[in-house]
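Have a look at target_30.tsv; it's TSV, C-alpha atoms and all ligand atoms:
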chain	number	residue	atom	x	y	z
A	1	MET	CA	-22.07	10.51	18.19
A	2	ASN	CA	-22.82	14.21	18.50
A	3	ALA	CA	-23.49	16.30	15.43
A	4	PRO	CA	-20.16	17.42	14.02
A	5	ALA	CA	-19.16	20.98	14.80
A	6	PRO	CA	-18.46	23.27	11.85
A	7	LEU	CA	-15.08	22.13	10.67
A	8	ALA	CA	-13.35	25.46	10.26
A	9	ALA	CA	-14.35	26.48	13.80
A	10	VAL	CA	-12.78	23.39	15.30
A	11	THR	CA	-9.54	23.41	13.38
A	12	PRO	CA	-8.67	26.95	12.33
A	13	SER	CA	-5.01	25.95	12.05
A	14	LEU	CA	-5.46	23.11	9.57
A	15	ALA	CA	-5.04	24.72	6.16
A	16	ALA	CA	-5.34	21.33	4.44
A	17	LEU	CA	-8.81	20.71	5.80
A	18	PRO	CA	-10.83	21.87	2.77
A	19	PHE	CA	-8.62	19.72	0.53
A	20	ILE	CA	-9.03	16.62	2.70
A	21	GLU	CA	-12.77	17.28	2.86
A	22	LYS	CA	-12.93	17.52	-0.92
A	23	TRP	CA	-10.88	14.39	-1.62
A	24	VAL	CA	-12.84	12.30	0.88
A	25	SER	CA	-16.09	13.46	-0.76
A	26	PHE	CA	-15.11	11.52	-3.91
A	27	ALA	CA	-16.11	7.91	-3.24
A	28	SER	CA	-13.09	6.61	-5.13
A	29	VAL	CA	-13.43	2.98	-4.06
A	30	SER	CA	-10.97	0.87	-6.04
A	31	ARG	CA	-13.68	-0.92	-8.06
A	32	ASP	CA	-15.13	2.44	-9.20
A	33	SER	CA	-13.79	5.31	-11.26
A	34	ASN	CA	-11.38	7.79	-9.69
A	35	LEU	CA	-11.79	10.23	-12.59
A	36	PRO	CA	-14.05	12.72	-10.75
A	37	LEU	CA	-11.33	13.11	-8.11
A	38	LEU	CA	-8.67	13.52	-10.80
A	39	ASP	CA	-10.78	16.00	-12.77
A	40	TRP	CA	-11.16	18.20	-9.70
A	41	THR	CA	-7.47	17.90	-8.83
A	42	GLU	CA	-6.32	18.63	-12.36
A	43	ALA	CA	-8.61	21.67	-12.62
A	44	TYR	CA	-7.15	23.00	-9.35
A	45	LEU	CA	-3.56	22.50	-10.56
A	46	ASN	CA	-4.34	23.93	-14.02
A	47	GLY	CA	-5.73	26.98	-12.25
A	48	LEU	CA	-2.28	27.44	-10.69
A	49	GLY	CA	-0.58	27.09	-14.06
A	50	ILE	CA	0.51	23.47	-13.57
A	51	SER	CA	-0.25	20.98	-16.32
A	52	CYS	CA	-0.84	17.31	-15.59
A	53	SER	CA	-0.49	14.05	-17.44
A	54	ARG	CA	-2.50	10.89	-17.00
A	55	THR	CA	-2.00	7.20	-17.55
A	56	TYR	CA	-5.23	5.22	-17.81
A	57	ASP	CA	-6.16	1.65	-17.03
A	58	ASP	CA	-7.43	-0.57	-19.87
A	59	SER	CA	-11.07	0.35	-19.19
A	60	GLY	CA	-10.38	4.10	-19.32
A	61	LYS	CA	-12.35	4.53	-16.10
A	62	LYS	CA	-9.36	5.01	-13.80
A	63	ALA	CA	-6.13	6.87	-14.16
A	64	ASN	CA	-2.96	8.09	-12.51
A	65	LEU	CA	-2.20	11.80	-12.36
A	66	TRP	CA	1.33	13.16	-12.61
A	67	ALA	CA	2.14	16.85	-12.19
A	68	THR	CA	5.45	18.68	-12.03
A	69	LEU	CA	6.13	21.97	-10.30
A	70	PRO	CA	9.26	23.14	-12.11
A	71	ALA	CA	12.35	24.49	-10.40
A	72	HIS	CA	12.94	28.25	-10.71
A	73	ASP	CA	15.56	27.59	-13.42
A	74	GLY	CA	13.01	25.66	-15.47
A	75	GLN	CA	14.31	22.20	-14.58
A	76	THR	CA	11.53	19.63	-14.57
A	77	LYS	CA	13.12	16.25	-15.26
A	78	THR	CA	16.05	15.80	-12.90
A	79	GLY	CA	16.62	16.03	-9.17
A	80	GLY	CA	12.99	16.41	-8.12
A	81	ILE	CA	11.16	15.16	-5.07
A	82	VAL	CA	8.02	13.08	-5.65
A	83	LEU	CA	5.08	13.38	-3.24
A	84	SER	CA	3.10	10.23	-3.85
A	85	GLY	CA	-0.21	8.77	-2.80
A	86	HIS	CA	-3.01	6.55	-4.02
A	87	THR	CA	-6.44	8.00	-4.70
A	88	ASP	CA	-8.41	4.78	-4.25
A	89	VAL	CA	-9.94	3.62	-0.97
A	90	VAL	CA	-11.32	0.30	0.22
A	91	PRO	CA	-15.10	-0.27	0.21
A	92	VAL	CA	-17.39	0.58	3.12
A	93	ASP	CA	-19.94	-2.15	2.25
A	94	GLY	CA	-21.21	-3.97	5.30
A	95	GLN	CA	-19.21	-1.83	7.73
A	96	PRO	CA	-21.04	-0.20	10.63
A	97	TRP	CA	-20.17	3.47	10.12
A	98	ASP	CA	-21.57	6.06	12.55
A	99	THR	CA	-21.12	8.89	10.06
A	100	ASP	CA	-21.24	9.31	6.28
A	101	PRO	CA	-17.89	7.76	5.25
A	102	PHE	CA	-17.58	10.14	2.32
A	103	GLN	CA	-18.05	13.30	4.33
A	104	VAL	CA	-15.36	14.10	6.87
A	105	SER	CA	-16.56	14.80	10.37
A	106	ILE	CA	-14.61	15.92	13.39
A	107	GLN	CA	-15.33	14.66	16.88
A	108	GLY	CA	-13.03	15.87	19.61
A	109	ASP	CA	-9.46	15.45	18.45
A	110	LYS	CA	-10.24	13.03	15.60
A	111	MET	CA	-11.35	13.31	12.01
A	112	PHE	CA	-13.48	10.49	10.61
A	113	GLY	CA	-14.00	9.48	6.98
A	114	ARG	CA	-13.00	6.81	4.47
A	115	GLY	CA	-9.45	7.54	3.42
A	116	VAL	CA	-8.56	10.10	6.10
A	117	THR	CA	-5.78	7.73	7.17
A	118	ASP	CA	-5.35	5.51	4.10
A	119	MET	CA	-4.42	7.81	2.50
A	120	LYS	CA	-6.07	10.95	1.23
A	121	SER	CA	-4.80	13.34	3.90
A	122	PHE	CA	-1.19	13.28	2.68
A	123	GLY	CA	-2.05	14.02	-0.97
A	124	ALA	CA	-4.57	16.67	0.03
A	125	THR	CA	-1.99	18.38	2.26
A	126	ALA	CA	0.49	18.33	-0.62
A	127	LEU	CA	-2.12	20.00	-2.85
A	128	MET	CA	-2.71	22.68	-0.22
A	129	MET	CA	1.01	23.52	-0.36
A	130	VAL	CA	1.24	24.01	-4.14
A	131	PRO	CA	0.52	27.77	-4.25
A	132	GLU	CA	3.16	28.40	-1.58
A	133	LEU	CA	5.76	26.23	-3.33
A	134	LEU	CA	5.18	28.13	-6.56
A	135	LYS	CA	5.24	31.54	-4.92
A	136	ARG	CA	8.46	30.84	-3.01
A	137	GLN	CA	10.13	29.31	-6.10
A	138	LEU	CA	11.64	25.86	-6.02
A	139	LYS	CA	15.33	25.02	-6.08
A	140	ARG	CA	14.44	21.64	-7.56
A	141	PRO	CA	11.26	20.22	-9.09
A	142	VAL	CA	8.46	18.80	-6.99
A	143	HIS	CA	6.29	16.09	-8.54
A	144	LEU	CA	2.84	14.99	-7.48
A	145	ALA	CA	2.05	11.33	-8.21
A	146	PHE	CA	-1.52	10.23	-7.56
A	147	SER	CA	-2.32	6.64	-8.48
A	148	TYR	CA	-5.33	4.34	-8.90
A	149	ASP	CA	-5.81	0.71	-7.78
A	150	GLU	CA	-3.23	0.64	-4.99
A	151	GLU	CA	-5.58	-1.24	-2.71
A	152	VAL	CA	-5.95	-4.11	-5.15
A	153	GLY	CA	-2.25	-4.84	-5.61
A	154	CYS	CA	-0.39	-1.60	-6.44
A	155	ILE	CA	-1.65	-1.91	-10.01
A	156	GLY	CA	-1.94	1.68	-11.19
A	157	VAL	CA	1.37	3.12	-10.10
A	158	ARG	CA	3.26	0.63	-12.29
A	159	ARG	CA	1.94	2.44	-15.37
A	160	LEU	CA	2.72	5.82	-13.87
A	161	ILE	CA	6.32	4.81	-13.17
A	162	ALA	CA	6.75	3.32	-16.66
A	163	ASP	CA	5.36	6.53	-18.16
A	164	ILE	CA	7.60	8.92	-16.22
A	165	GLN	CA	10.62	6.77	-17.02
A	166	ALA	CA	9.68	6.92	-20.70
A	167	GLN	CA	9.36	10.70	-20.43
A	168	GLY	CA	12.87	10.91	-18.96
A	169	PHE	CA	12.03	11.99	-15.42
A	170	LYS	CA	14.79	11.16	-12.95
A	171	PRO	CA	13.55	12.16	-9.51
A	172	ALA	CA	16.10	12.24	-6.70
A	173	GLY	CA	13.68	10.98	-4.09
A	174	CYS	CA	10.12	9.99	-3.34
A	175	ILE	CA	7.94	10.29	-0.25
A	176	VAL	CA	4.95	7.93	-0.16
A	177	GLY	CA	2.42	9.28	2.33
A	178	GLU	CA	0.95	6.01	3.60
A	179	PRO	CA	0.06	6.10	7.29
A	180	THR	CA	3.18	5.68	9.44
A	181	GLY	CA	2.21	7.95	12.31
A	182	MET	CA	4.63	10.43	10.63
A	183	GLN	CA	7.53	8.11	11.44
A	184	VAL	CA	10.13	7.80	8.69
A	185	VAL	CA	9.76	4.30	7.30
A	186	ILE	CA	12.82	3.24	5.35
A	187	ALA	CA	11.89	-0.36	4.56
A	188	HIS	CA	8.99	-2.71	4.23
A	189	LYS	CA	8.55	-6.36	3.56
A	190	GLY	CA	7.95	-7.87	0.17
A	191	LYS	CA	5.08	-10.21	-0.58
A	192	HIS	CA	4.74	-13.22	-2.83
A	193	ALA	CA	1.18	-14.53	-3.20
A	194	TYR	CA	0.52	-18.06	-4.44
A	195	LYS	CA	-2.37	-20.26	-5.40
A	196	THR	CA	-1.69	-23.95	-4.89
A	197	THR	CA	-4.21	-26.35	-6.39
A	198	VAL	CA	-4.43	-29.96	-5.28
A	199	HIS	CA	-5.69	-32.24	-8.05
A	200	GLY	CA	-7.27	-35.32	-6.47
A	201	PHE	CA	-9.47	-38.08	-7.74
A	202	GLU	CA	-13.21	-38.32	-7.16
A	203	ALA	CA	-14.92	-41.40	-5.76
A	204	HIS	CA	-17.88	-42.25	-3.55
A	205	SER	CA	-17.01	-41.43	0.03
A	206	SER	CA	-17.55	-45.03	1.07
A	207	LEU	CA	-14.62	-46.02	-1.17
A	208	THR	CA	-11.85	-43.87	0.26
A	209	PRO	CA	-8.95	-46.11	-0.86
A	210	GLN	CA	-10.05	-45.60	-4.49
A	211	GLY	CA	-10.05	-41.79	-4.34
A	212	VAL	CA	-7.47	-39.06	-3.72
A	213	ASN	CA	-8.96	-36.58	-1.27
A	214	ALA	CA	-7.84	-33.14	-2.43
A	215	VAL	CA	-9.21	-31.37	0.66
A	216	GLU	CA	-7.33	-33.60	3.09
A	217	ILE	CA	-4.10	-33.31	1.12
A	218	ALA	CA	-4.55	-29.52	0.95
A	219	CYS	CA	-4.86	-29.54	4.74
A	220	GLU	CA	-1.55	-31.40	5.02
A	221	PHE	CA	-0.01	-28.76	2.76
A	222	VAL	CA	-1.47	-25.93	4.85
A	223	ALA	CA	-0.18	-27.61	8.02
A	224	HIS	CA	3.27	-27.65	6.45
A	225	LEU	CA	2.99	-23.92	5.65
A	226	LYS	CA	2.06	-23.36	9.28
A	227	SER	CA	5.11	-25.33	10.42
A	228	LEU	CA	7.29	-23.13	8.19
A	229	HIS	CA	5.73	-20.10	9.82
A	230	ARG	CA	6.30	-21.48	13.33
A	231	GLU	CA	9.93	-22.11	12.47
A	232	LEU	CA	10.32	-18.45	11.42
A	233	VAL	CA	8.60	-17.26	14.60
A	234	ALA	CA	10.88	-19.38	16.77
A	235	HIS	CA	14.20	-19.02	15.00
A	236	GLY	CA	13.98	-16.00	12.66
A	237	PRO	CA	16.03	-14.60	11.10
A	238	PHE	CA	14.90	-11.44	12.91
A	239	ASP	CA	15.09	-7.78	12.00
A	240	PRO	CA	14.05	-6.09	15.27
A	241	ILE	CA	13.13	-2.77	13.64
A	242	TYR	CA	10.04	-4.40	12.10
A	243	ASP	CA	6.79	-4.51	14.09
A	244	VAL	CA	6.64	-8.21	13.14
A	245	PRO	CA	10.38	-8.96	13.23
A	246	HIS	CA	10.36	-12.17	11.20
A	247	THR	CA	9.13	-13.29	7.78
A	248	THR	CA	5.59	-14.70	7.85
A	249	VAL	CA	3.80	-17.47	5.94
A	250	HIS	CA	0.01	-17.22	5.92
A	251	THR	CA	-2.92	-19.06	4.34
A	252	GLY	CA	-5.84	-16.79	3.46
A	253	VAL	CA	-8.34	-18.91	1.51
A	254	ILE	CA	-8.98	-22.62	1.15
A	255	ALA	CA	-11.73	-23.92	-1.11
A	256	GLY	CA	-12.61	-27.43	-2.19
A	257	GLY	CA	-15.11	-30.23	-2.14
A	258	THR	CA	-18.73	-30.41	-3.22
A	259	ALA	CA	-20.60	-32.80	-0.92
A	260	LEU	CA	-19.96	-35.01	2.09
A	261	ASN	CA	-20.44	-38.22	0.12
A	262	ILE	CA	-17.95	-37.31	-2.63
A	263	ILE	CA	-14.19	-37.58	-2.20
A	264	PRO	CA	-13.11	-34.07	-3.29
A	265	ARG	CA	-11.40	-33.84	-6.66
A	266	GLN	CA	-9.91	-30.39	-6.25
A	267	CYS	CA	-8.89	-27.98	-3.53
A	268	GLU	CA	-7.34	-24.51	-3.86
A	269	VAL	CA	-5.16	-22.87	-1.25
A	270	THR	CA	-4.31	-19.17	-1.50
A	271	TRP	CA	-1.31	-18.24	0.61
A	272	GLU	CA	1.48	-15.72	0.95
A	273	ILE	CA	5.02	-15.17	2.09
A	274	ARG	CA	5.80	-11.72	3.53
A	275	HIS	CA	9.53	-11.49	3.78
A	276	HIS	CA	12.15	-9.06	5.00
A	277	HIS	CA	15.58	-8.79	3.44
A	278	LEU	CA	17.01	-11.68	5.51
A	279	ASN	CA	14.79	-14.28	3.80
A	280	THR	CA	14.27	-15.06	0.16
A	281	PRO	CA	10.70	-16.04	-0.72
A	282	GLU	CA	12.03	-18.37	-3.41
A	283	ALA	CA	13.71	-20.57	-0.79
A	284	LEU	CA	10.57	-20.75	1.35
A	285	PHE	CA	8.46	-21.55	-1.69
A	286	ALA	CA	10.93	-24.27	-2.70
A	287	ASN	CA	10.55	-25.81	0.75
A	288	ALA	CA	6.73	-25.80	0.46
A	289	LYS	CA	6.88	-27.23	-3.05
A	290	ALA	CA	9.26	-30.00	-1.95
A	291	PHE	CA	6.78	-30.98	0.74
A	292	ALA	CA	3.97	-31.07	-1.85
A	293	ASP	CA	6.14	-33.13	-4.20
A	294	SER	CA	6.77	-35.64	-1.41
A	295	LEU	CA	3.01	-36.36	-1.27
A	296	VAL	CA	2.64	-36.99	-5.00
A	297	PRO	CA	3.89	-40.62	-5.29
A	298	ALA	CA	1.22	-41.84	-2.87
A	299	MET	CA	-1.45	-39.81	-4.72
A	300	GLN	CA	-0.37	-41.14	-8.10
A	301	ALA	CA	-0.31	-44.70	-6.84
A	302	VAL	CA	-4.09	-44.34	-6.64
A	303	SER	CA	-4.63	-42.21	-9.75
A	304	PRO	CA	-1.90	-41.11	-12.17
A	305	GLY	CA	-3.42	-37.71	-13.06
A	306	THR	CA	-3.24	-36.36	-9.52
A	307	GLY	CA	-0.77	-33.89	-8.04
A	308	PHE	CA	-0.21	-30.19	-7.35
A	309	THR	CA	0.04	-27.04	-9.39
A	310	HIS	CA	1.46	-23.82	-7.94
A	311	GLU	CA	0.83	-20.39	-9.39
A	312	LEU	CA	2.68	-17.24	-8.35
A	313	LYS	CA	-0.28	-14.80	-8.35
A	314	SER	CA	1.47	-11.56	-7.46
A	315	VAL	CA	4.79	-10.17	-6.37
A	316	LEU	CA	5.24	-6.97	-4.44
A	317	PRO	CA	8.91	-6.37	-3.87
A	318	GLY	CA	10.18	-5.16	-0.53
A	319	PHE	CA	12.38	-2.12	-0.30
A	320	ALA	CA	15.06	-0.77	1.97
A	321	THR	CA	16.48	2.75	1.73
A	322	ALA	CA	19.55	3.70	3.73
A	323	ALA	CA	18.80	5.73	6.85
A	324	ASP	CA	21.61	8.10	5.89
A	325	SER	CA	20.35	8.64	2.33
A	326	GLU	CA	19.45	12.17	1.25
A	327	ILE	CA	15.72	11.46	1.10
A	328	ALA	CA	15.66	9.83	4.54
A	329	GLN	CA	17.67	12.67	6.08
A	330	LEU	CA	15.35	15.21	4.46
A	331	CYS	CA	12.35	13.42	5.96
A	332	PHE	CA	13.84	13.10	9.44
A	333	ASP	CA	14.48	16.83	9.30
A	334	CYS	CA	10.98	17.72	8.04
A	335	ALA	CA	9.28	15.36	10.50
A	336	GLN	CA	11.51	16.72	13.29
A	337	LEU	CA	12.59	13.25	14.23
A	338	ASP	CA	15.84	11.95	15.58
A	339	PRO	CA	17.11	9.30	13.13
A	340	ALA	CA	18.17	7.21	16.14
A	341	ASN	CA	14.60	6.52	17.21
A	342	GLY	CA	12.32	7.98	14.53
A	343	VAL	CA	13.14	5.32	11.97
A	344	GLY	CA	10.73	2.52	11.19
A	345	LYS	CA	10.22	-0.60	9.10
A	346	VAL	CA	6.73	-1.97	8.49
A	347	SER	CA	5.21	-5.27	7.45
A	348	PHE	CA	2.57	-3.88	5.08
A	349	GLY	CA	3.38	-3.28	1.44
A	350	THR	CA	3.18	0.05	-0.37
A	351	GLU	CA	3.94	1.66	-3.72
A	352	ALA	CA	7.30	2.67	-2.24
A	353	ALA	CA	8.76	-0.66	-3.32
A	354	LEU	CA	7.90	0.06	-6.96
A	355	PHE	CA	9.45	3.54	-6.93
A	356	ALA	CA	12.52	2.07	-5.23
A	357	GLN	CA	12.69	-0.71	-7.80
A	358	ALA	CA	12.66	1.98	-10.50
A	359	GLY	CA	15.78	3.48	-8.94
A	360	VAL	CA	14.15	6.33	-6.99
A	361	PRO	CA	15.29	6.45	-3.35
A	362	THR	CA	12.01	6.27	-1.45
A	363	ILE	CA	10.70	6.49	2.08
A	364	VAL	CA	7.19	6.16	3.51
A	365	CYS	CA	5.94	8.88	5.83
A	366	GLY	CA	2.38	10.01	6.34
A	367	PRO	CA	-0.26	10.87	8.93
A	368	GLY	CA	-2.35	8.29	10.77
A	369	HIS	CA	-1.78	4.68	11.68
A	370	ILE	CA	-2.29	1.53	9.64
A	371	ALA	CA	-4.43	0.08	12.47
A	372	GLN	CA	-7.20	2.54	11.52
A	373	ALA	CA	-6.93	1.82	7.80
A	374	HIS	CA	-9.74	-0.17	6.15
A	375	GLN	CA	-11.83	0.01	9.36
A	376	PRO	CA	-15.37	1.28	9.86
A	377	ASN	CA	-15.17	4.79	11.38
A	378	GLU	CA	-11.66	5.19	9.95
A	379	TRP	CA	-10.06	8.10	11.79
A	380	VAL	CA	-6.95	10.19	12.07
A	381	THR	CA	-6.06	12.56	14.87
A	382	LEU	CA	-5.94	16.28	14.17
A	383	GLU	CA	-2.52	16.21	15.81
A	384	GLN	CA	-1.29	13.85	13.06
A	385	LEU	CA	-2.75	16.12	10.38
A	386	ALA	CA	-1.05	19.14	11.97
A	387	TRP	CA	2.22	17.18	12.04
A	388	CYS	CA	1.81	16.44	8.33
A	389	GLU	CA	1.27	20.15	7.62
A	390	ARG	CA	4.35	21.06	9.64
A	391	PHE	CA	6.27	18.44	7.65
A	392	MET	CA	5.15	20.00	4.35
A	393	ARG	CA	5.99	23.53	5.50
A	394	ARG	CA	9.47	22.46	6.62
A	395	LEU	CA	9.85	20.68	3.28
A	396	ALA	CA	8.97	23.94	1.54
A	397	ASP	CA	11.63	25.73	3.63
A	398	ARG	CA	14.21	23.25	2.39
A	399	LEU	CA	13.11	23.09	-1.24
A	400	CYS	CA	12.32	26.74	-1.91
A	401	VAL	CA	14.58	29.63	-2.89
A	402	ASN	CA	12.70	32.23	-0.83
B	501	ZN	ZN	-2.86	2.92	1.47
Structure rendered as structure tokens:
Amino acid sequence: MNAPAPLAAVTPSLAALPFIEKWVSFASVSRDSNLPLLDWTEAYLNGLGISCSRTYDDSGKKANLWATLPAHDGQTKTGGIVLSGHTDVVPVDGQPWDTDPFQVSIQGDKMFGRGVTDMKSFGATALMMVPELLKRQLKRPVHLAFSYDEEVGCIGVRRLIADIQAQGFKPAGCIVGEPTGMQVVIAHKGKHAYKTTVHGFEAHSSLTPQGVNAVEIACEFVAHLKSLHRELVAHGPFDPIYDVPHTTVHTGVIAGGTALNIIPRQCEVTWEIRHHHLNTPEALFANAKAFADSLVPAMQAVSPGTGFTHELKSVLPGFATAADSEIAQLCFDCAQLDPANGVGKVSFGTEAALFAQAGVPTIVCGPGHIAQAHQPNEWVTLEQLAWCERFMRRLADRLCVN
């Protein structure tokens, strides 16, 4: 790669650039503290007369930041629009980056850096807009919601949502700026993650009839999960607006056994169901469990203590907001998209589901594409960043008095 050109010279029209540059410079990897990023952000907002509140994790090393720009009549609690994003990023360990991941660089029509797509650019662009929103006076409140630990299971935002509910905030809508290519995403799939443990019975490998081979039984279970998946691929139900139009069943990790000459006593399978609104994960899980149960009599005929345990490890709900809802219409308008073809549904999960679950009509719309997220040399096009700025300026036109 060539040496990056001075940023301001390349992109004189991107007002958000210094903010994106600043946010990317904080290496707020999920396992580390995000407090330096929050301290900087809070100081900036305080300097504009906006106070912030935080909700911390148990360690006190990470926090969410919540800030409200009041309406011109002083209203803060009701009818506001939330601009939401996570501050954490995935690690860069072991990835072959060509540039410093925590320093944005621009090459041609792309900006590189960890988080430029997922998802610091949206929050940074929102911050850039704050002085203008205040100067032009708001008809309704605007809230900024910046969370921690999204990348490890949407952990942080749950505390933020509980806190704002306890404080009596009733926003009218929320825009989560995850990368959608600036399309208006009105739904995403939900995810149930499971750990299934096969409890077998150890014996010398020469005595297979006297043991219960947990690894082999786990493989039968995984093969059944795969058959469930194939059934969904072949017969749906389908929702054609999704990039992957059917529910999926996937095994991510399998671990068991200690040595070739020992019949394995235990094997763990970590798997997931990602479902759209036409499937219920409970029914798919029940099918998988029934298959496991059908194997148990033969296992217990050899050794009574054998069998399966299933743990539901995490649940991320799906969400679906009506395309004709106020928040969706506002976003189509700001993104300058025709609702007929600018609408999207995606298979990846976001914090949107948790805002929606809390009763806040929510859509996902942000610059960049999920395909570049989590990658080495993560990039976003300058065109996407400019689109995001246009979106924010049109939002200001619609939310401001002047
Ligand atoms: Zn993200």
* Asked: So, counting all atoms listed in the file, which residue among A:Leu232, A:Ile81, A:Cys365, A:Ala223 is closest to ligand ZN 501 (chain B)?
  ->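 Of A:Leu232, A:Ile81, A:Cys365, A:Ala223, the one nearest ligand ZN 501 (chain B) is A:Cys365, counting all atoms listed in the file.
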* To do: Considering only C-alpha atoms and all ligand atoms, state which residue in the set A:Pro18, A:Gly236, A:Pro141, A:Gly366 is at the smallest distance from ligand ZN 501 (chain B).
  =>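 Among A:Pro18, A:Gly236, A:Pro141, A:Gly366, it is A:Gly366 that comes nearest to ligand ZN 501 (chain B).
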Within 9 Å of ligand ZN 501 (chain B) (only C-alpha atoms and all ligand atoms), residues as a PDB file with C-alpha atoms, in the coordinates of the input:
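Writing done, so here's selection.pdb:
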ATOM      1  CA  GLY A  85      -0.210   8.770  -2.800  1.00  0.00           C
ATOM      2  CA  HIS A  86      -3.010   6.550  -4.020  1.00  0.00           C
ATOM      3  CA  THR A  87      -6.440   8.000  -4.700  1.00  0.00           C
ATOM      4  CA  ASP A  88      -8.410   4.780  -4.250  1.00  0.00           C
ATOM      5  CA  VAL A  89      -9.940   3.620  -0.970  1.00  0.00           C
ATOM      6  CA  VAL A  90     -11.320   0.300   0.220  1.00  0.00           C
ATOM      7  CA  GLY A 115      -9.450   7.540   3.420  1.00  0.00           C
ATOM      8  CA  THR A 117      -5.780   7.730   7.170  1.00  0.00           C
ATOM      9  CA  ASP A 118      -5.350   5.510   4.100  1.00  0.00           C
ATOM     10  CA  MET A 119      -4.420   7.810   2.500  1.00  0.00           C
ATOM     11  CA  LYS A 120      -6.070  10.950   1.230  1.00  0.00           C
ATOM     12  CA  GLU A 150      -3.230   0.640  -4.990  1.00  0.00           C
ATOM     13  CA  GLU A 151      -5.580  -1.240  -2.710  1.00  0.00           C
ATOM     14  CA  GLY A 177       2.420   9.280   2.330  1.00  0.00           C
ATOM     15  CA  GLU A 178       0.950   6.010   3.600  1.00  0.00           C
ATOM     16  CA  PRO A 179       0.060   6.100   7.290  1.00  0.00           C
ATOM     17  CA  GLY A 349       3.380  -3.280   1.440  1.00  0.00           C
ATOM     18  CA  THR A 350       3.180   0.050  -0.370  1.00  0.00           C
ATOM     19  CA  GLU A 351       3.940   1.660  -3.720  1.00  0.00           C
ATOM     20  CA  ILE A 370      -2.290   1.530   9.640  1.00  0.00           C
ATOM     21  CA  ALA A 373      -6.930   1.820   7.800  1.00  0.00           C
ATOM     22  CA  HIS A 374      -9.740  -0.170   6.150  1.00  0.00           C
TER      23      HIS A 374
END
* Asked: Just how far from atom CA of A:Lys22 is atom CA of A:Val364, in Å to one decimal?
  ->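 Atom CA of A:Val364 sits 23.5 Å away from atom CA of A:Lys22.
Between atom CA of A:Asp39 and atom CA of A:Met182 the separation is 28.6 Å.
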* Asked: Could you pull the residues within 12 Å of A:Pro297, counting all atoms listed in the file, minus those fewer than 5 positions along the same chain, as a ChimeraX atom specification?
  -> /A:212,291-292,302-308
Residues of stretch 244-269 of chain A that have any atom at most 8 Å from an atom of stretch 201-205 of chain A: could you tabulate them with the shortest-distance atom pair and the distance in Å to one decimal, using all atoms listed in the file, ordered by chain and increasing number, as JSON lines?
{"residue": "A:Leu260", "atom": "CA", "partner": "A:Ser205", "partner_atom": "CA", "distance": 7.4}
{"residue": "A:Asn261", "atom": "CA", "partner": "A:Ser205", "partner_atom": "CA", "distance": 4.7}
{"residue": "A:Ile262", "atom": "CA", "partner": "A:Ser205", "partner_atom": "CA", "distance": 5.0}
{"residue": "A:Ile263", "atom": "CA", "partner": "A:Glu202", "partner_atom": "CA", "distance": 5.1}
{"residue": "A:Pro264", "atom": "CA", "partner": "A:Glu202", "partner_atom": "CA", "distance": 5.7}
{"residue": "A:Arg265", "atom": "CA", "partner": "A:Phe201", "partner_atom": "CA", "distance": 4.8}
{"residue": "A:Gln266", "atom": "CA", "partner": "A:Phe201", "partner_atom": "CA", "distance": 7.8}
Take the residues from that selection and put them in a file with C-alpha atoms, as a PDB file, in the frame of the given file.
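Ended up saving to selection.pdb:
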ATOM      1  CA  LEU A 260     -19.960 -35.010   2.090  1.00  0.00           C
ATOM      2  CA  ASN A 261     -20.440 -38.220   0.120  1.00  0.00           C
ATOM      3  CA  ILE A 262     -17.950 -37.310  -2.630  1.00  0.00           C
ATOM      4  CA  ILE A 263     -14.190 -37.580  -2.200  1.00  0.00           C
ATOM      5  CA  PRO A 264     -13.110 -34.070  -3.290  1.00  0.00           C
ATOM      6  CA  ARG A 265     -11.400 -33.840  -6.660  1.00  0.00           C
ATOM      7  CA  GLN A 266      -9.910 -30.390  -6.250  1.00  0.00           C
TER       8      GLN A 266
END
* Asked: Contacts of A:Trp379 at 10 Å or less, counting all atoms listed in the file, minus same-chain residues fewer than 6 places along, as an NGL selection string?
  -> :A and (104-107 or 109-118 or 368-369 or 371-373)
* Asked: Could you name the residues that touch A:Phe332 at 10 Å or less, counting all atoms listed in the file, but leaving out those on the same chain fewer than 2 positions away, as a ChimeraX atom specification?
  -> /A:182-185,323-324,326-330,334-340,342-343,365,391
* Could you check which of A:His229, A:Lys289, A:Lys345, A:Arg54 is closest to A:Thr197, using all atoms listed in the file? =>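 Checking each candidate against A:Thr197, we get A:Lys289 as the closest.
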* Using all atoms listed in the file, can you list as a list in words the residues within 8 Å of (-5.8, 25.0, 3.5)? -> Leu14, Ala15, Ala16, Leu17, Pro18, Phe19, Thr125, Met128 and Met129 of chain A
* To do: Write out as a list of chain:residue names each polymer residue whose atoms come within 12 Å of A:Tyr44, counting only C-alpha atoms; drop sequence neighbours fewer than 6 positions from it.
  =>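 In the requested format, the answer is A:Phe19, A:Lys22, A:Leu37, A:Leu38, A:Ile50, A:Ser51, A:Cys52, A:Ala67, A:Ala124, A:Leu127, A:Met128, A:Val130, A:Pro131.
Of the listed residues (A:Pro209, A:Gly173, A:Gly153, A:Pro36), A:Gly173 comes nearest to A:Thr321; the distances count all atoms listed in the file.
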* Selected residue, from A:His199, A:Pro101, A:Glu220, A:Ala356, that lies nearest to A:Val29 when counting all atoms listed in the file -> A:Pro101
